[in-house]
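Accompanying notes for the structure given below.
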Amino acid sequence: MDEEIYDRIIFLADPELSEPVLVIGLEGWIDAGIAASTAVATLLETIPTEVLATFDTEYFIDQRARRPLARIVDGITTELTWPEIQLRYGRDGDGADVLFLVGPEPDFHWSDFVDVVTDAAGRFDVRLVVGLGAFPAPTPHTRPVRVIGTAPAPSAHLLTLVGSVTGELEVPAGIGTALELGFAEVDMDVMTLWARVPHYVASMPYPQGSAALIDGLARVSGLTLDAGNLRAAAEEARQRVDELVTNNPEHSSMVERLEAAADEREGTSLGEELPSGEELAAELERFLRGEAS
C-alpha cells in the first residue's frame with residue numbers, strides 16, 4: 001500500500017490478537033429501526049474495548065456534513081469533539097478476540113479507506129469480517145425478525161448460514177459494500193448481516209432487529225455475545241406497536257395481511273421465505289424518501 005495512504009490510519013496500540021473477527025458498524029447508511037447502530041452500541045457496552053487505531057478525520061470526513069460537537073459552560077467554549085472513525089479491540093464472553101470498526105461512514109476517498117481497513121485487517125490476521133445493517137421489509141412485527149446476508153462471490157458459502165435475497169436488484173450502496181468487495185480482493189471472508197425490520201416501524205427504534213443482528217453475528221462468527229438487555233426492550237417496543245396498530249383499523253388490516261402471508265410461507269425453504277429483489281428495492285426506496293413510517 002502507498003506510504004501516503006498508510007499515514008491515514010494512526011495506530012495507538014499493538015496488541016497480540018489471535019485471528020479476531022472484525023465487526024463493521026459504521027453509521028450513515030441504511031439502518032431501519034436504528035437496529036444496526038443499537039446492536040453495535042450494545043456490543044460495545046457488553047464487551048470492554050480499547051482504541052486500537054483512529055483514521056485521518058481531515059482526509060475522510062466532511063466536517064460541514066458531520067459537524068464537531070462544541071461544549072460551552074457558562075458562555076465559555078471549553079471543548080470541541082471531532083467526529084472520529086475508530087478501530088477498537090476487545091474479547092467476547094469466552095475470551096475470543098474481536099475488532100470493531102465504528103464511527104461515521106467516510107465522506108471522501110472510499111477507495112483509500114478500503115485499502116487502509118483491509119491492510120489493517122491483514123496486519124492482525126482477521127479470520128472473518130461481518131458488517132451489520134437493517135432495511136425495511138414487508139414483514140409483521142408479530143413474527144421473529146429474520147436476518148439475511150450479502151457477500152461477494154468468494155464468500156458466498158457464508159450465505160448458507162442465514163439465507164439471502166432472491167432475484168436481482170440495484171440499490172444505492174454504502175461503504176459496507178465497498179468493503180465487502182475490498183476484502184474479497186485480499187481473499188478474506190466477509191459478509192454483511194441485514195435485519196428485516198417491518199416497514200411500518202422502520203423510522204422508530206426497533207430493538208427486535210438489534211437482538212436478531214447480535215444473534216446472527218454470534219451464529220456466523222462463533223463469538224459468545226449477549227443480547228439479553230435488548231430482549232426486554234424488544235418486548236416493550238412490541239407492546240407499543242401493538243397499541244398503535246390496534247388503534248388504527250387500516251394498520252390492523254395491513255398487519256393481518258402480512259401475518260397471513262408469513263404463515264402461508266412457514267415451512268417452505270429459506271429462500272422462499274425471503275423477499276424478492278423487487279420487494280426489497282420498493283421498500284428501500286420508500287424508506288429513503290421518508291415514507292416508511
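Ligands are numbered from 1 in the order shown, residues from 1 within each chain, and chains are lettered A, B, ... in the order they appear in the C-alpha cells.
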Problem - Selection: 12 Å around segment 236-245 of chain A, only C-alpha atoms, excl. self and same-chain fewer than 6 positions, as JSON, numbers by chain - result: {"A": [33, 140, 141, 142, 143, 144, 145, 198, 200, 201, 202, 204, 205, 206, 207, 208, 209, 229, 230, 251, 252, 253, 254, 255, 256, 293]}
Please produce a file of the residues just selected, as a short mmCIF file (atom, residue, chain, number, x, y, z; two decimals), in the first residue's frame, where the atoms kept are N, CA, C and O atoms.
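Heads up, here's the output in part-v7.cif:
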data_model
loop_
_atom_site.label_atom_id
_atom_site.label_comp_id
_atom_site.auth_asym_id
_atom_site.auth_seq_id
_atom_site.Cartn_x
_atom_site.Cartn_y
_atom_site.Cartn_z
N GLY A 33 -35.04 1.20 11.75
CA GLY A 33 -35.24 0.93 13.17
C GLY A 33 -33.98 1.12 14.00
O GLY A 33 -33.91 0.62 15.12
N PRO A 140 -44.42 -8.64 9.35
CA PRO A 140 -45.14 -8.14 10.52
C PRO A 140 -44.28 -8.12 11.78
O PRO A 140 -43.38 -8.96 11.94
N HIS A 141 -44.59 -7.19 12.67
CA HIS A 141 -43.82 -7.10 13.92
C HIS A 141 -44.16 -8.23 14.88
O HIS A 141 -43.49 -8.41 15.89
N THR A 142 -45.20 -8.98 14.56
CA THR A 142 -45.64 -10.07 15.42
C THR A 142 -44.92 -11.39 15.13
O THR A 142 -45.24 -12.41 15.72
N ARG A 143 -43.97 -11.35 14.21
CA ARG A 143 -43.19 -12.54 13.88
C ARG A 143 -41.71 -12.26 14.17
O ARG A 143 -41.29 -11.10 14.17
N PRO A 144 -40.92 -13.31 14.41
CA PRO A 144 -39.49 -13.09 14.67
C PRO A 144 -38.81 -12.37 13.51
O PRO A 144 -39.17 -12.56 12.34
N VAL A 145 -37.82 -11.55 13.84
CA VAL A 145 -37.06 -10.83 12.82
C VAL A 145 -36.13 -11.81 12.11
O VAL A 145 -35.37 -12.54 12.75
N PRO A 198 -39.90 -4.48 10.03
CA PRO A 198 -41.20 -4.15 9.43
C PRO A 198 -41.22 -2.73 8.89
O PRO A 198 -40.84 -1.79 9.60
N TYR A 200 -43.38 -0.53 8.45
CA TYR A 200 -44.21 0.48 9.08
C TYR A 200 -43.65 0.96 10.42
O TYR A 200 -44.19 1.90 11.02
N VAL A 201 -42.56 0.36 10.89
CA VAL A 201 -41.90 0.85 12.11
C VAL A 201 -40.44 1.18 11.84
O VAL A 201 -39.65 1.36 12.76
N ALA A 202 -40.07 1.29 10.56
CA ALA A 202 -38.65 1.47 10.20
C ALA A 202 -38.07 2.79 10.67
O ALA A 202 -36.86 2.93 10.79
N MET A 204 -38.70 4.18 13.63
CA MET A 204 -38.63 4.23 15.09
C MET A 204 -37.68 3.15 15.59
O MET A 204 -37.39 2.20 14.87
N PRO A 205 -37.13 3.30 16.81
CA PRO A 205 -36.22 2.27 17.32
C PRO A 205 -36.90 0.90 17.36
O PRO A 205 -38.05 0.78 17.79
N TYR A 206 -36.19 -0.12 16.89
CA TYR A 206 -36.75 -1.46 16.83
C TYR A 206 -35.72 -2.46 17.38
O TYR A 206 -34.96 -3.08 16.64
N PRO A 207 -35.67 -2.58 18.71
CA PRO A 207 -34.65 -3.44 19.34
C PRO A 207 -34.75 -4.90 18.96
O PRO A 207 -33.77 -5.64 19.09
N GLN A 208 -35.93 -5.35 18.48
CA GLN A 208 -36.02 -6.73 17.99
C GLN A 208 -35.00 -6.97 16.88
O GLN A 208 -34.38 -8.03 16.81
N GLY A 209 -34.86 -5.98 16.01
CA GLY A 209 -33.89 -6.10 14.93
C GLY A 209 -32.46 -6.14 15.44
O GLY A 209 -31.61 -6.89 14.93
N ASN A 229 -30.10 -7.63 27.27
CA ASN A 229 -30.71 -6.33 27.57
C ASN A 229 -31.66 -5.88 26.48
O ASN A 229 -32.64 -5.17 26.75
N LEU A 230 -31.40 -6.30 25.26
CA LEU A 230 -32.25 -5.89 24.15
C LEU A 230 -33.59 -6.62 24.16
O LEU A 230 -34.59 -6.09 23.66
N HIS A 251 -54.05 0.04 9.81
CA HIS A 251 -52.82 -0.64 10.18
C HIS A 251 -53.11 -2.08 10.63
O HIS A 251 -52.33 -3.00 10.33
N SER A 252 -54.20 -2.26 11.36
CA SER A 252 -54.55 -3.61 11.81
C SER A 252 -54.77 -4.54 10.63
O SER A 252 -54.30 -5.69 10.63
N SER A 253 -55.45 -4.04 9.61
CA SER A 253 -55.70 -4.84 8.42
C SER A 253 -54.40 -5.17 7.70
O SER A 253 -54.20 -6.31 7.24
N MET A 254 -53.52 -4.21 7.64
CA MET A 254 -52.23 -4.43 6.97
C MET A 254 -51.44 -5.52 7.69
O MET A 254 -50.87 -6.42 7.06
N VAL A 255 -51.37 -5.43 9.03
CA VAL A 255 -50.61 -6.42 9.80
C VAL A 255 -51.22 -7.80 9.63
O VAL A 255 -50.51 -8.80 9.50
N GLU A 256 -52.53 -7.88 9.60
CA GLU A 256 -53.19 -9.18 9.41
C GLU A 256 -52.81 -9.79 8.06
O GLU A 256 -52.58 -11.00 7.95
N SER A 293 -43.12 5.14 7.56
CA SER A 293 -43.40 5.48 8.96
C SER A 293 -44.73 4.90 9.41
O SER A 293 -45.50 4.44 8.59
#
Exercise for the section: Write down as a PyMOL selection string the residues belonging to segment 22-104 of chain A that are assigned alpha helix (DSSP H) by DSSP computed on the backbone. Expected result: chain A and resi 35-46+57-60
Selection file, C-alpha atoms, as a PDB file, in the first residue's frame:
ATOM      1  CA  ALA A  35     -31.228  -1.731  14.533  1.00  0.00           C
ATOM      2  CA  ALA A  36     -27.593  -1.911  13.443  1.00  0.00           C
ATOM      3  CA  SER A  37     -26.343   1.099  15.398  1.00  0.00           C
ATOM      4  CA  THR A  38     -28.166  -0.123  18.505  1.00  0.00           C
ATOM      5  CA  ALA A  39     -26.653  -3.592  18.070  1.00  0.00           C
ATOM      6  CA  VAL A  40     -23.154  -2.107  17.825  1.00  0.00           C
ATOM      7  CA  ALA A  41     -23.739   0.150  20.842  1.00  0.00           C
ATOM      8  CA  THR A  42     -24.951  -2.863  22.833  1.00  0.00           C
ATOM      9  CA  LEU A  43     -21.894  -4.895  21.867  1.00  0.00           C
ATOM     10  CA  LEU A  44     -19.596  -2.068  22.944  1.00  0.00           C
ATOM     11  CA  GLU A  45     -21.456  -1.836  26.261  1.00  0.00           C
ATOM     12  CA  THR A  46     -21.112  -5.559  26.983  1.00  0.00           C
ATOM     13  CA  THR A  57     -10.509  12.821  10.079  1.00  0.00           C
ATOM     14  CA  GLU A  58      -9.422  15.640   7.787  1.00  0.00           C
ATOM     15  CA  TYR A  59      -8.994  13.206   4.896  1.00  0.00           C
ATOM     16  CA  PHE A  60     -12.104  11.035   5.269  1.00  0.00           C
TER      17      PHE A  60
END
Exercise for the section: Using backbone DSSP assignments, extract all strand (DSSP E) residues from segment 4-221 of chain A; output them as a PyMOL selection string. Expected result: chain A and resi 9-11+21-27+49-55+69-73+76-81+86-91+97-104+128-137+147-150+190-198
Fill in the blank from the handout: A straight line from atom CA of Asp97 of chain A to atom CA of Arg123 of chain A spans 14.2 Å
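Nearest residue to Asp92 of chain A, choosing from A:Ile47, A:Leu132, A:Ala218, A:Ala234 and counting only C-alpha atoms: A:Ile47.
In terms of minimum interatomic distance to Pro68 of chain A, A:Glu84 ranks closest within A:Glu84, A:Glu180, A:Glu50, A:Asp215, counting only C-alpha atoms.
Counting only C-alpha atoms and comparing A:Asn247, A:Ser164, A:Thr81, A:Ser111, the residue that lies closest to Thr177 of chain A is A:Ser111.
Atom CA of Arg66 of chain A lies 19.6 Å from atom CA of Thr78 of chain A.
For the residues A:Val117, A:Thr166, A:Trp194, A:Leu128, ranking by smallest atom-to-atom distance to Ile148 of chain A using only C-alpha atoms places A:Trp194 first.
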Practice task
For Leu26 of chain A, work out the shell of residues within 6 Å, counting only C-alpha atoms and skipping chain neighbours fewer than 5 positions away, then give it as JSON, numbers by chain.
Solution key: {"A": [102, 103, 104, 105]}
Handout entry: For Glu79 of chain A: contacts at 8 Å, only C-alpha atoms, fewer than 5 positions along chain excluded, given as a count of residues only
Key = 3
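Separating atom CA of Ala53 of chain A from atom CA of Trp82 of chain A is a distance of 15.3 Å.
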Handout entry: Residues near Met188 of chain A, cut-off 8 Å, only C-alpha atoms, skip fewer than 3 positions along chain, as JSON, numbers by chain
Key = {"A": [126, 127, 128, 129, 183, 184, 185]}
Practice task
Name the residues in contact with Pro48 of chain A at a cut-off of 10 Å, using only C-alpha atoms, excluding same-chain residues fewer than 6 positions from it; report them as a list in words.
Solution key: Arg88, Tyr89, Gly90, Arg91 and Asp92 of chain A
Next, the residues of the selection above should be written as an mmCIF file, in the first residue's frame with all heavy atoms.
data_model
loop_
_atom_site.group_PDB
_atom_site.id
_atom_site.type_symbol
_atom_site.label_atom_id
_atom_site.label_comp_id
_atom_site.auth_asym_id
_atom_site.auth_seq_id
_atom_site.Cartn_x
_atom_site.Cartn_y
_atom_site.Cartn_z
ATOM 1 N N ARG A 88 -11.481 -0.550 17.272
ATOM 2 C CA ARG A 88 -11.382 -0.903 18.679
ATOM 3 C C ARG A 88 -11.183 -2.415 18.809
ATOM 4 O O ARG A 88 -11.564 -3.179 17.920
ATOM 5 C CB ARG A 88 -12.647 -0.473 19.451
ATOM 6 C CG ARG A 88 -12.998 0.999 19.286
ATOM 7 C CD ARG A 88 -14.164 1.402 20.179
ATOM 8 N NE ARG A 88 -13.812 1.360 21.592
ATOM 9 C CZ ARG A 88 -13.318 2.376 22.271
ATOM 10 N NH1 ARG A 88 -13.124 3.548 21.672
ATOM 11 N NH2 ARG A 88 -13.018 2.255 23.551
ATOM 12 N N TYR A 89 -10.612 -2.838 19.936
ATOM 13 C CA TYR A 89 -10.401 -4.272 20.144
ATOM 14 C C TYR A 89 -10.834 -4.677 21.550
ATOM 15 O O TYR A 89 -10.785 -3.896 22.500
ATOM 16 C CB TYR A 89 -8.944 -4.660 19.902
ATOM 17 C CG TYR A 89 -7.947 -4.157 20.933
ATOM 18 C CD1 TYR A 89 -7.486 -4.990 21.947
ATOM 19 C CD2 TYR A 89 -7.465 -2.852 20.881
ATOM 20 C CE1 TYR A 89 -6.562 -4.537 22.879
ATOM 21 C CE2 TYR A 89 -6.545 -2.389 21.800
ATOM 22 C CZ TYR A 89 -6.099 -3.232 22.801
ATOM 23 O OH TYR A 89 -5.183 -2.772 23.729
ATOM 24 N N GLY A 90 -11.295 -5.924 21.642
ATOM 25 C CA GLY A 90 -11.731 -6.466 22.923
ATOM 26 C C GLY A 90 -11.876 -7.976 22.803
ATOM 27 O O GLY A 90 -11.398 -8.585 21.839
ATOM 28 N N ARG A 91 -12.548 -8.579 23.775
ATOM 29 C CA ARG A 91 -12.745 -10.022 23.785
ATOM 30 C C ARG A 91 -14.183 -10.359 24.134
ATOM 31 O O ARG A 91 -14.803 -9.683 24.960
ATOM 32 C CB ARG A 91 -11.794 -10.690 24.793
ATOM 33 C CG ARG A 91 -10.329 -10.636 24.377
ATOM 34 C CD ARG A 91 -9.432 -11.288 25.395
ATOM 35 N NE ARG A 91 -8.038 -11.329 24.934
ATOM 36 C CZ ARG A 91 -7.022 -11.732 25.673
ATOM 37 N NH1 ARG A 91 -7.243 -12.143 26.933
ATOM 38 N NH2 ARG A 91 -5.796 -11.743 25.175
ATOM 39 N N ASP A 92 -14.698 -11.431 23.516
ATOM 40 C CA ASP A 92 -16.074 -11.842 23.781
ATOM 41 C C ASP A 92 -16.164 -12.578 25.114
ATOM 42 O O ASP A 92 -15.181 -12.644 25.872
ATOM 43 C CB ASP A 92 -16.612 -12.688 22.624
ATOM 44 C CG ASP A 92 -16.039 -14.111 22.625
ATOM 45 O OD1 ASP A 92 -15.099 -14.404 23.403
ATOM 46 O OD2 ASP A 92 -16.533 -14.946 21.847
#
